[in-house]
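Trainee: Input data-v3.tsv, format and content: TSV, C-alpha atoms.
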chain	number	residue	atom	x	y	z
A	245	MET	CA	4.59	5.35	8.56
A	246	GLY	CA	6.80	2.47	9.66
A	247	GLY	CA	10.45	2.14	10.41
A	248	ALA	CA	12.79	3.30	13.10
A	249	ILE	CA	12.94	6.86	14.35
A	250	SER	CA	15.65	8.85	12.62
A	251	SER	CA	18.74	9.46	14.74
A	252	ARG	CA	18.59	13.16	13.98
A	253	LYS	CA	15.47	13.39	16.12
A	254	SER	CA	17.59	13.07	19.26
A	255	SER	CA	19.06	16.55	18.89
A	256	LYS	CA	18.22	19.35	21.28
A	257	PRO	CA	16.86	21.84	18.75
A	258	LEU	CA	14.34	19.37	17.37
A	259	ALA	CA	13.29	18.14	20.81
A	260	ALA	CA	12.77	21.69	21.98
A	261	ALA	CA	10.65	22.45	18.94
A	262	ALA	CA	8.59	19.36	19.61
A	263	ASP	CA	7.89	20.49	23.16
A	264	LYS	CA	6.42	23.73	21.84
A	265	ASP	CA	3.85	22.06	19.65
A	266	ASN	CA	3.05	18.41	20.21
A	267	SER	CA	0.26	18.56	17.62
A	268	GLN	CA	2.83	18.91	14.85
A	269	ASN	CA	5.20	16.17	15.98
A	270	ASN	CA	6.04	13.91	13.07
A	271	ARG	CA	4.95	10.45	14.12
A	272	ARG	CA	7.03	7.37	13.38
A	273	LEU	CA	4.50	4.70	14.18
A	274	SER	CA	6.78	1.83	15.04
A	275	VAL	CA	10.24	2.02	16.53
A	276	ALA	CA	10.67	-1.75	16.46
A	277	GLY	CA	11.28	-4.21	13.67
A	278	ASP	CA	13.91	-4.99	11.09
A	279	LYS	CA	12.89	-4.90	7.45
A	280	LYS	CA	15.51	-7.39	6.38
A	281	ASN	CA	13.61	-10.11	8.26
A	282	PHE	CA	10.46	-9.64	6.23
A	283	PRO	CA	9.54	-10.33	2.59
A	284	VAL	CA	9.98	-7.65	-0.03
A	285	ALA	CA	6.81	-5.81	-0.97
A	286	GLU	CA	4.93	-6.98	-4.02
A	287	LYS	CA	5.69	-5.16	-7.23
A	288	GLY	CA	3.35	-2.28	-7.98
A	289	VAL	CA	2.77	-0.88	-4.49
A	290	VAL	CA	5.40	1.85	-4.87
A	291	GLY	CA	3.92	4.98	-6.43
A	292	GLN	CA	0.32	6.07	-6.82
A	293	THR	CA	-3.06	4.31	-6.64
A	294	LEU	CA	-6.27	5.91	-7.90
A	295	ASP	CA	-9.97	5.07	-8.03
A	296	ARG	CA	-13.13	6.93	-8.99
A	297	GLY	CA	-16.86	6.35	-9.27
A	298	SER	CA	-20.26	7.99	-9.51
A	299	ASN	CA	-23.88	6.89	-9.17
A	300	ALA	CA	-27.23	8.40	-8.19
A	301	PHE	CA	-26.11	8.97	-4.60
A	302	ILE	CA	-22.41	9.89	-4.60
A	303	ASN	CA	-19.43	10.99	-6.66
A	304	TYR	CA	-16.01	10.00	-5.30
A	305	PHE	CA	-12.29	9.91	-6.02
A	306	ALA	CA	-9.50	8.23	-4.06
A	307	MET	CA	-5.76	8.87	-4.31
A	308	SER	CA	-2.91	7.21	-2.46
A	309	ASN	CA	0.72	8.30	-2.87
A	310	ALA	CA	3.83	6.57	-1.53
A	311	GLY	CA	6.06	8.68	0.68
A	312	TYR	CA	9.83	8.99	0.80
A	313	GLU	CA	12.41	7.21	2.93
A	314	PRO	CA	15.28	9.09	4.63
A	315	ASP	CA	17.49	8.35	1.61
A	316	GLY	CA	15.16	10.36	-0.61
A	317	ILE	CA	13.88	7.31	-2.50
A	318	LYS	CA	10.18	6.52	-2.98
A	319	LYS	CA	9.15	4.07	-0.27
A	320	THR	CA	6.73	1.17	-0.36
A	321	ASN	CA	3.25	2.59	0.13
A	322	GLN	CA	1.89	1.16	3.37
A	323	ASP	CA	-1.47	2.88	2.93
A	324	ALA	CA	-4.44	1.11	1.37
A	325	PHE	CA	-8.08	2.02	0.82
A	326	ILE	CA	-11.47	0.45	0.14
A	327	SER	CA	-13.78	2.21	-2.30
A	328	MET	CA	-16.87	0.12	-3.01
A	329	MET	CA	-19.48	2.49	-4.40
A	330	GLU	CA	-22.16	-0.22	-4.54
A	331	PHE	CA	-21.59	-2.78	-1.80
A	332	GLY	CA	-24.19	-5.38	-2.72
A	333	ASP	CA	-26.74	-2.71	-3.60
A	334	PRO	CA	-26.64	0.77	-5.24
A	335	SER	CA	-27.89	2.32	-1.99
A	336	VAL	CA	-25.00	0.92	0.08
A	337	SER	CA	-21.40	2.16	-0.21
A	338	PHE	CA	-18.33	0.99	1.70
A	339	PHE	CA	-15.27	3.24	2.10
A	340	GLY	CA	-12.19	2.95	4.26
A	341	VAL	CA	-8.55	3.97	4.65
A	342	PHE	CA	-5.83	1.84	6.23
A	343	ASP	CA	-2.43	3.20	7.24
A	344	GLY	CA	0.06	0.38	7.76
A	345	HIS	CA	3.09	0.64	10.03
A	346	GLY	CA	6.02	-1.54	10.96
A	347	ALA	CA	8.16	-3.70	8.69
A	348	SER	CA	5.15	-5.66	7.40
A	349	GLY	CA	2.70	-2.75	7.52
A	350	HIS	CA	2.01	-2.82	3.79
A	351	PHE	CA	1.10	-6.50	3.99
A	352	VAL	CA	-1.23	-5.88	6.93
A	353	SER	CA	-3.08	-2.96	5.31
A	354	GLY	CA	-3.34	-4.90	2.06
A	355	TYR	CA	-4.68	-7.92	3.92
A	356	VAL	CA	-7.35	-5.86	5.66
A	357	LYS	CA	-8.37	-4.23	2.38
A	358	LYS	CA	-8.80	-7.63	0.75
A	359	GLU	CA	-10.34	-9.64	3.58
A	360	LEU	CA	-12.51	-7.15	5.51
A	361	PRO	CA	-15.34	-6.92	2.93
A	362	LYS	CA	-15.61	-10.72	2.94
A	363	LEU	CA	-16.56	-10.68	6.62
A	364	ILE	CA	-19.59	-8.44	6.13
A	365	ASP	CA	-23.05	-9.67	5.15
A	366	LYS	CA	-24.12	-7.53	2.20
A	367	GLU	CA	-27.70	-8.78	2.36
A	368	ILE	CA	-28.23	-7.46	5.88
A	369	LEU	CA	-26.94	-4.04	4.85
A	370	LYS	CA	-29.17	-4.04	1.78
A	371	GLN	CA	-32.20	-4.76	3.94
A	372	GLU	CA	-31.27	-1.99	6.36
A	373	SER	CA	-30.71	0.46	3.52
A	374	GLN	CA	-34.27	-0.03	2.26
A	375	LYS	CA	-35.83	0.95	5.61
A	376	ASN	CA	-36.99	4.44	6.44
A	377	ASP	CA	-34.83	4.36	9.58
A	378	VAL	CA	-31.54	2.50	9.48
A	379	ASP	CA	-30.76	0.51	12.62
A	380	GLU	CA	-27.50	2.31	13.43
A	381	ASP	CA	-26.73	0.04	16.39
A	382	LEU	CA	-27.00	-3.07	14.22
A	383	VAL	CA	-24.74	-1.64	11.51
A	384	GLY	CA	-22.26	-0.53	14.17
A	385	LYS	CA	-22.17	-4.04	15.61
A	386	ILE	CA	-21.52	-5.43	12.13
A	387	LEU	CA	-18.47	-3.18	11.82
A	388	ILE	CA	-17.18	-3.99	15.30
A	389	GLN	CA	-17.47	-7.71	14.64
A	390	ALA	CA	-15.75	-7.35	11.27
A	391	PHE	CA	-12.81	-5.42	12.76
A	392	GLU	CA	-12.38	-7.96	15.54
A	393	LYS	CA	-12.69	-10.91	13.17
A	394	ILE	CA	-10.11	-9.55	10.73
A	395	ASN	CA	-7.73	-8.93	13.63
A	396	ASN	CA	-8.12	-12.51	14.87
A	397	LYS	CA	-7.79	-13.86	11.35
A	398	LEU	CA	-4.62	-11.86	10.77
A	399	GLU	CA	-3.09	-13.08	14.02
A	400	SER	CA	-3.65	-16.71	13.02
A	401	ASP	CA	-2.38	-16.19	9.46
A	402	LYS	CA	1.30	-17.16	9.64
A	403	SER	CA	2.07	-15.74	6.18
A	404	ILE	CA	2.20	-12.22	7.63
A	405	ASP	CA	4.24	-11.36	10.73
A	406	SER	CA	2.01	-8.91	12.60
A	407	SER	CA	3.89	-9.12	15.90
A	408	LEU	CA	5.36	-5.64	15.45
A	409	SER	CA	3.31	-4.48	12.46
A	410	GLY	CA	-0.25	-3.35	12.01
A	411	THR	CA	-2.56	-0.82	10.44
A	412	THR	CA	-4.98	1.90	11.41
A	413	ALA	CA	-8.49	1.41	10.05
A	414	VAL	CA	-11.18	4.01	9.56
A	415	GLY	CA	-14.10	3.04	7.41
A	416	GLY	CA	-17.79	2.41	7.20
A	417	PHE	CA	-21.00	2.53	5.25
A	418	ILE	CA	-23.17	5.14	3.60
A	419	LEU	CA	-26.64	3.68	3.27
A	420	GLY	CA	-30.24	4.66	2.70
A	421	LYS	CA	-32.61	4.78	-0.26
A	422	ASN	CA	-33.56	8.45	0.17
A	423	PRO	CA	-30.84	10.74	-1.28
A	424	LYS	CA	-31.98	13.57	1.03
A	425	SER	CA	-31.68	11.56	4.23
A	426	ARG	CA	-29.02	8.86	4.33
A	427	THR	CA	-26.92	7.46	7.16
A	428	ILE	CA	-23.18	7.11	7.69
A	429	VAL	CA	-21.92	4.54	10.19
A	430	MET	CA	-18.16	4.93	10.66
A	431	ALA	CA	-15.74	2.69	12.58
A	432	ASN	CA	-12.30	3.84	13.68
A	433	SER	CA	-9.25	2.13	15.14
A	434	GLY	CA	-6.19	4.38	15.23
A	435	ASP	CA	-5.45	7.88	14.02
A	436	SER	CA	-6.52	7.98	10.42
A	437	ARG	CA	-9.61	10.17	10.26
A	438	ALA	CA	-12.98	10.85	8.63
A	439	ILE	CA	-14.92	14.13	8.56
A	440	ILE	CA	-18.01	15.71	7.01
A	441	GLY	CA	-17.99	19.09	5.29
A	442	TYR	CA	-21.30	20.91	5.70
A	443	GLU	CA	-22.69	24.38	5.01
A	444	LYS	CA	-24.21	26.62	7.66
A	445	GLY	CA	-24.98	30.31	7.32
A	446	GLY	CA	-22.98	30.55	4.12
A	447	LYS	CA	-19.88	29.02	5.74
A	448	TYR	CA	-18.43	25.55	5.41
A	449	LEU	CA	-17.74	23.71	8.66
A	450	ALA	CA	-16.34	20.33	9.68
A	451	ALA	CA	-18.10	17.58	11.62
A	452	GLU	CA	-16.15	14.65	13.04
A	453	LEU	CA	-16.85	11.11	11.92
A	454	SER	CA	-13.99	9.73	14.02
A	455	ILE	CA	-11.83	10.72	16.97
A	456	ASP	CA	-8.09	9.94	16.95
A	457	GLN	CA	-7.10	7.29	19.48
A	458	LYS	CA	-3.73	8.54	20.66
A	459	PRO	CA	-2.04	6.79	23.61
A	460	ASP	CA	-2.18	9.92	25.78
A	461	ARG	CA	-5.95	10.35	25.32
A	462	PRO	CA	-7.08	9.88	28.94
A	463	ASP	CA	-9.47	6.96	28.40
A	464	GLU	CA	-7.06	5.16	26.08
A	465	LYS	CA	-4.11	5.76	28.40
A	466	SER	CA	-6.08	4.40	31.34
A	467	ARG	CA	-6.81	1.14	29.52
A	468	ILE	CA	-3.20	0.64	28.46
A	469	ILE	CA	-1.83	1.31	31.95
A	470	SER	CA	-4.42	-1.03	33.50
A	471	CYS	CA	-3.15	-3.74	31.12
A	472	GLY	CA	0.43	-3.24	32.30
A	473	GLY	CA	1.69	-0.98	29.51
A	474	ARG	CA	3.50	2.35	29.62
A	475	VAL	CA	2.54	5.55	27.82
A	476	GLU	CA	5.36	8.04	27.32
A	477	PRO	CA	7.42	9.57	24.51
A	478	LEU	CA	10.76	8.19	23.46
A	479	MET	CA	13.54	10.02	25.29
A	480	ASP	CA	17.02	10.77	24.00
A	481	GLU	CA	20.24	10.44	25.99
A	482	ASN	CA	19.86	14.02	27.25
A	483	GLY	CA	16.33	13.53	28.54
A	484	TYR	CA	14.56	15.29	25.68
A	485	ALA	CA	11.29	13.91	24.37
A	486	ILE	CA	11.36	12.66	20.77
A	487	GLY	CA	8.00	12.86	19.06
A	488	PRO	CA	4.59	11.85	20.42
A	489	HIS	CA	3.53	9.62	23.28
A	490	ARG	CA	3.85	5.90	22.54
A	491	VAL	CA	2.81	2.55	23.92
A	492	TRP	CA	5.57	0.45	25.53
A	493	LEU	CA	5.86	-2.89	27.26
A	494	PRO	CA	6.47	-2.52	31.02
A	495	ASN	CA	10.18	-3.44	30.95
A	496	MET	CA	11.17	-3.19	27.28
A	497	MET	CA	11.52	-0.46	24.67
A	498	LEU	CA	8.93	-2.17	22.48
A	499	PRO	CA	6.76	-1.65	20.49
A	500	GLY	CA	6.73	2.17	20.53
A	501	LEU	CA	3.30	2.43	18.93
A	502	ALA	CA	1.97	5.98	18.52
A	503	MET	CA	-1.70	4.96	18.66
A	504	ALA	CA	-3.91	3.17	21.17
A	505	ARG	CA	-5.91	1.03	18.73
A	506	SER	CA	-4.99	-0.80	15.56
A	507	ILE	CA	-5.43	-4.01	13.62
A	508	GLY	CA	-2.44	-6.32	14.08
A	509	ASP	CA	0.36	-5.27	16.46
A	510	ASP	CA	0.17	-8.54	18.40
A	511	ILE	CA	2.80	-7.55	20.96
A	512	ALA	CA	1.13	-4.20	21.61
A	513	SER	CA	-2.19	-5.97	22.15
A	514	SER	CA	-0.69	-7.62	25.24
A	515	VAL	CA	-0.69	-4.20	26.93
A	516	GLY	CA	-4.11	-2.95	25.91
A	517	VAL	CA	-3.83	-1.87	22.27
A	518	GLN	CA	-6.99	-3.23	20.65
A	519	ALA	CA	-8.65	-3.56	17.26
A	520	THR	CA	-12.18	-2.92	18.55
A	521	PRO	CA	-13.27	0.31	16.84
A	522	GLU	CA	-15.20	3.27	18.12
A	523	ILE	CA	-18.43	3.82	16.18
A	524	MET	CA	-19.88	7.17	15.14
A	525	THR	CA	-23.11	7.68	13.19
A	526	TYR	CA	-24.24	10.65	11.14
A	527	LYS	CA	-27.50	11.50	9.38
A	528	ILE	CA	-26.78	13.11	6.01
A	529	GLU	CA	-28.96	16.13	5.26
A	530	GLU	CA	-29.03	18.64	2.44
A	531	LYS	CA	-26.57	20.88	4.29
A	532	ASP	CA	-23.93	18.13	4.11
A	533	LYS	CA	-21.77	18.45	1.01
A	534	PHE	CA	-18.97	15.89	1.23
A	535	MET	CA	-17.04	13.35	3.29
A	536	VAL	CA	-13.25	13.04	3.52
A	537	ILE	CA	-11.43	9.94	4.78
A	538	ALA	CA	-7.65	10.23	4.90
A	539	SER	CA	-4.55	8.72	6.45
A	540	ASP	CA	-2.33	10.57	8.90
A	541	GLY	CA	-0.21	11.73	5.99
A	542	VAL	CA	-2.94	14.34	5.48
A	543	TRP	CA	-3.93	15.05	9.09
A	544	GLU	CA	-0.35	15.48	10.32
A	545	PHE	CA	-0.30	19.09	9.12
A	546	LEU	CA	-3.85	19.92	7.95
A	547	SER	CA	-6.69	20.55	10.39
A	548	ASN	CA	-10.27	19.45	9.78
A	549	GLU	CA	-11.16	23.04	8.95
A	550	GLN	CA	-8.31	23.42	6.47
A	551	VAL	CA	-9.30	20.20	4.72
A	552	VAL	CA	-12.90	21.40	4.43
A	553	GLU	CA	-11.75	24.70	2.90
A	554	ILE	CA	-9.56	22.92	0.38
A	555	VAL	CA	-12.34	20.56	-0.71
A	556	LYS	CA	-14.88	23.39	-0.79
A	557	GLY	CA	-12.66	25.27	-3.22
A	558	CYS	CA	-12.72	22.35	-5.66
A	559	GLN	CA	-16.41	22.98	-6.40
A	560	GLY	CA	-17.72	19.45	-6.43
A	561	ASN	CA	-14.81	17.87	-8.31
A	562	PRO	CA	-13.61	14.93	-6.16
A	563	GLU	CA	-10.55	14.24	-8.31
A	564	LYS	CA	-9.37	17.82	-7.97
A	565	ALA	CA	-10.13	17.74	-4.23
A	566	ALA	CA	-8.22	14.53	-3.50
A	567	SER	CA	-5.30	15.70	-5.64
A	568	GLU	CA	-5.15	19.06	-3.89
A	569	LEU	CA	-5.25	17.43	-0.44
A	570	CYS	CA	-2.37	15.14	-1.36
A	571	SER	CA	-0.37	17.95	-2.97
A	572	ARG	CA	-0.88	20.34	-0.06
A	573	SER	CA	0.06	17.62	2.44
A	574	LEU	CA	3.22	16.79	0.50
A	575	ARG	CA	4.29	20.44	0.53
A	576	CYS	CA	3.71	20.60	4.29
A	577	TRP	CA	5.78	17.47	4.89
A	578	LYS	CA	8.66	18.79	2.80
A	579	ALA	CA	8.55	22.20	4.45
A	580	GLU	CA	8.62	20.62	7.92
A	581	GLU	CA	11.49	18.31	7.09
A	582	GLU	CA	13.52	21.13	5.50
A	583	CYS	CA	12.97	23.24	8.62
A	584	GLN	CA	14.13	20.43	10.88
A	585	VAL	CA	17.19	19.67	8.77
A	586	SER	CA	18.19	23.35	8.76
A	587	ASN	CA	18.22	23.26	12.59
A	588	LEU	CA	20.59	20.31	12.67
A	589	SER	CA	23.86	21.56	11.27
A	590	VAL	CA	25.75	18.47	12.48
A	591	PHE	CA	23.62	16.33	10.17
A	592	SER	CA	24.33	18.07	6.91
A	593	ASN	CA	23.44	15.02	4.81
A	594	CYS	CA	19.91	14.48	6.13
A	595	PHE	CA	17.18	13.71	3.60
A	596	GLN	CA	13.49	14.41	3.73
A	597	VAL	CA	11.11	11.88	5.24
A	598	VAL	CA	7.56	12.00	3.87
A	599	ASP	CA	4.72	9.78	5.05
A	600	ASP	CA	2.40	7.94	2.66
A	601	ILE	CA	-0.54	10.18	1.83
A	602	THR	CA	-4.06	8.90	1.08
A	603	ALA	CA	-7.18	11.00	0.56
A	604	LEU	CA	-10.66	9.76	-0.33
A	605	VAL	CA	-13.27	12.42	-1.13
A	606	VAL	CA	-16.98	11.61	-1.47
A	607	TYR	CA	-19.45	14.27	-2.64
A	608	PHE	CA	-23.10	13.69	-1.80
A	609	LYS	CA	-25.84	13.99	-4.39
A	610	HIS	CA	-29.12	15.16	-2.84
For the structure just supplied, provide its representation as structure tokens.
Mentor:
Amino acid sequence: MGGAISSRKSSKPLAAAADKDNSQNNRRLSVAGDKKNFPVAEKGVVGQTLDRGSNAFINYFAMSNAGYEPDGIKKTNQDAFISMMEFGDPSVSFFGVFDGHGASGHFVSGYVKKELPKLIDKEILKQESQKNDVDEDLVGKILIQAFEKINNKLESDKSIDSSLSGTTAVGGFILGKNPKSRTIVMANSGDSRAIIGYEKGGKYLAAELSIDQKPDRPDEKSRIISCGGRVEPLMDENGYAIGPHRVWLPNMMLPGLAMARSIGDDIASSVGVQATPEIMTYKIEEKDKFMVIASDGVWEFLSNEQVVEIVKGCQGNPEKAASELCSRSLRCWKAEEECQVSNLSVFSNCFQVVDDITALVVYFKH
């Protein structure tokens, strides 16, 4: 979610609450940028975007809902998603979620959605999908190269100002001709997330397909510091921390990015923020029931285990599952904001802030 941090976050009660539970800090991904200097979003990106599909291998549904600005008005949706059920071949699928941030975040995420598939050779993936054993390293390299190429392409494209704007990107391929043994290769830059829901001993459990790249994650922090950046939360005038750890230039309060990797964010890249994704692979077996890819609008308040339980309860209906994830997340956002506002009596006219919420649910057919 882009935009400046709300002034009400500098109060003592909120800062104290944040110290108690950093995992539930509402992130405001960019604290730099001025929307008036950037073009107005294209018509049609405020509201809801849906997609669905089904073939011999999978059944999926994707839903993306715009959040709310501090004035209580629907904001421009800076989330975007890719849902290509048959990417050059019925046995290859391409899914991804992109969470834009900063004044031009919606342009960046939209750009990645449009241009990323063009940088990937469908024929190579088709050939890999027909093999008994997919070359996971090769497919991973394809994703890494695509992420890096789209980042370089965006930086050279002067129609979008990505100096203080960018997007998370988590996405990858499901491939394999055997429905009982297929492969997922997932790439992740940022803190959107992908998981698997699987059954074991009559219980449903979660397996990670990505790991959030927060600035205070030790390996990520080390890289940023070695590149001359700072990693620390924003502090108010009384010395209270506001929200999560962020990436800063050495001598300036910019860019304030709450993630260690992203596509775009040219200024942040000068201090170690990078587009190069981490790759995770997963062999799908009969115990594996579904995959969920979602933006931070979902993961802000719902754990992997909670998401698995919600999707499990939808009994194989991806539309119901995606809708329930978005609805539950929205209720959590509103409840959190109402709680914070109630603690800030001096700001009696505060309005709720709700992040964009995107959930993509894929059920596997064995």
Trainee: To one decimal place in Å, what is the distance between CA of Ser308 in chain A and CA of Val597 in chain A?
Mentor: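 For CA of Ser308 in chain A relative to CA of Val597 in chain A, the distance reads 16.7 Å.
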Trainee: Could you pull the residues within 8 Å of Val606 in chain A, counting all atoms listed in the file, minus those fewer than 4 positions along the same chain, as a PyMOL selection string?
Mentor: chain A and resi 302-305+534-536+562
Trainee: Have a look at CA of Asp323 in chain A and CA of Gln518 in chain A and let me know their distance in Å, one decimal.
Mentor: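 Atom-to-atom, CA of Asp323 in chain A to CA of Gln518 in chain A, that is 19.5 Å.
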Trainee: Which of these, A:Glu530, A:Asp435, A:Glu522, A:Glu481, has the shortest distance to Pro459 in chain A once you count all atoms listed in the file?
Mentor: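 Smallest distance to Pro459 in chain A is found for A:Asp435.
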Trainee: So that I can see what lies close to Glu568 in chain A, please list as a ChimeraX atom specification the residues with an atom at most 10 Å from it, counting all atoms listed in the file and leaving out residues fewer than 2 positions away in the same chain.
Mentor: /A:551,554-555,557-558,562-566,570-574,603
Trainee: How far is it from CA of Glu330 in chain A to CA of Asn376 in chain A, in Å with one decimal?
Mentor: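 CA of Asn376 in chain A lies at a distance of 19.0 Å from CA of Glu330 in chain A.
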Trainee: Pick out the residues sitting within 8 Å of range 379-391 of chain A, and hand them over as a list in words; count only C-alpha atoms, and ignore anything fewer than 5 positions along from it in its own chain.
Mentor: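 Surrounding residues, per the criterion: Leu360, Leu363, Ile364, Leu369, Glu372, Gly416, Val429, Met430, Ala431, Ile507, Ala519, Thr520, Pro521, Ile523 and Thr525 of chain A.
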Trainee: The residues within 7 Å of (-30.5, 7.9, 9.1), using only C-alpha atoms and the coordinates of the file, should be reported as a list in words; which are they?
Mentor: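 Residues with an atom close enough to that point: Asp377, Val378, Ser425, Arg426, Thr427 and Lys527 of chain A.
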Trainee: Create the file for the chosen residues now, containing C-alpha atoms and written as a PDB file, keeping the file's coordinate frame.
Mentor:
ATOM      1  CA  ASP A 377     -34.830   4.360   9.580  1.00  0.00           C
ATOM      2  CA  VAL A 378     -31.540   2.500   9.480  1.00  0.00           C
ATOM      3  CA  SER A 425     -31.680  11.560   4.230  1.00  0.00           C
ATOM      4  CA  ARG A 426     -29.020   8.860   4.330  1.00  0.00           C
ATOM      5  CA  THR A 427     -26.920   7.460   7.160  1.00  0.00           C
ATOM      6  CA  LYS A 527     -27.500  11.500   9.380  1.00  0.00           C
TER       7      LYS A 527
END
Trainee: Pick out the residues sitting within 7 Å of Ala306 in chain A, and hand them over as a PyMOL selection string; count only C-alpha atoms, and ignore anything fewer than 6 positions along from it in its own chain.
Mentor: chain A and resi 294-296+566+603-605
Trainee: Using all atoms listed in the file, which of the listed residues (A:Val352, A:Ala538, A:Ile439, A:Ala485) sits closest to Asp401 in chain A?
Mentor: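 Checking each of A:Val352, A:Ala538, A:Ile439, A:Ala485 against Asp401 in chain A, counting all atoms listed in the file, the winner is A:Val352.
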Trainee: Please determine, counting all atoms listed in the file, which residue among A:Met479, A:Ala438, A:Val491, A:Met497 has the shortest atom-to-atom distance to Ser547 in chain A.
Mentor: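 Closest residue, counting all atoms listed in the file: A:Ala438.
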Trainee: Considering all atoms listed in the file, state which residue in the set A:Asp509, A:Asp315, A:Met496, A:Gly441 is at the smallest distance from Ser348 in chain A.
Mentor: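 Using all atoms listed in the file, Ser348 in chain A sits closest to A:Asp509.
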Trainee: Which residue is closest to Phe339 in chain A? Choose from A:Ser407, A:His489, A:Ile537, A:Thr412 and count only C-alpha atoms.
Mentor: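 Among the listed residues, the smallest separation from Phe339 in chain A belongs to A:Ile537.
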Trainee: Give me, as JSON, numbers by chain, all polymer residues having an atom no more than 12 Å from Ile404 in chain A, counting all atoms listed in the file and skipping those fewer than 3 positions away in the same chain.
Mentor: {"A": [281, 282, 283, 284, 285, 346, 347, 348, 349, 350, 351, 352, 353, 354, 355, 356, 397, 398, 399, 400, 401, 407, 408, 409, 410, 508, 509, 510]}
Trainee: Here is a test: counting only C-alpha atoms, which residue of A:Gly344, A:Gly472, A:Gly500, A:Gly446 is nearest to Ala413 in chain A?
Mentor: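 Selected residue with least distance to Ala413 in chain A: A:Gly344.
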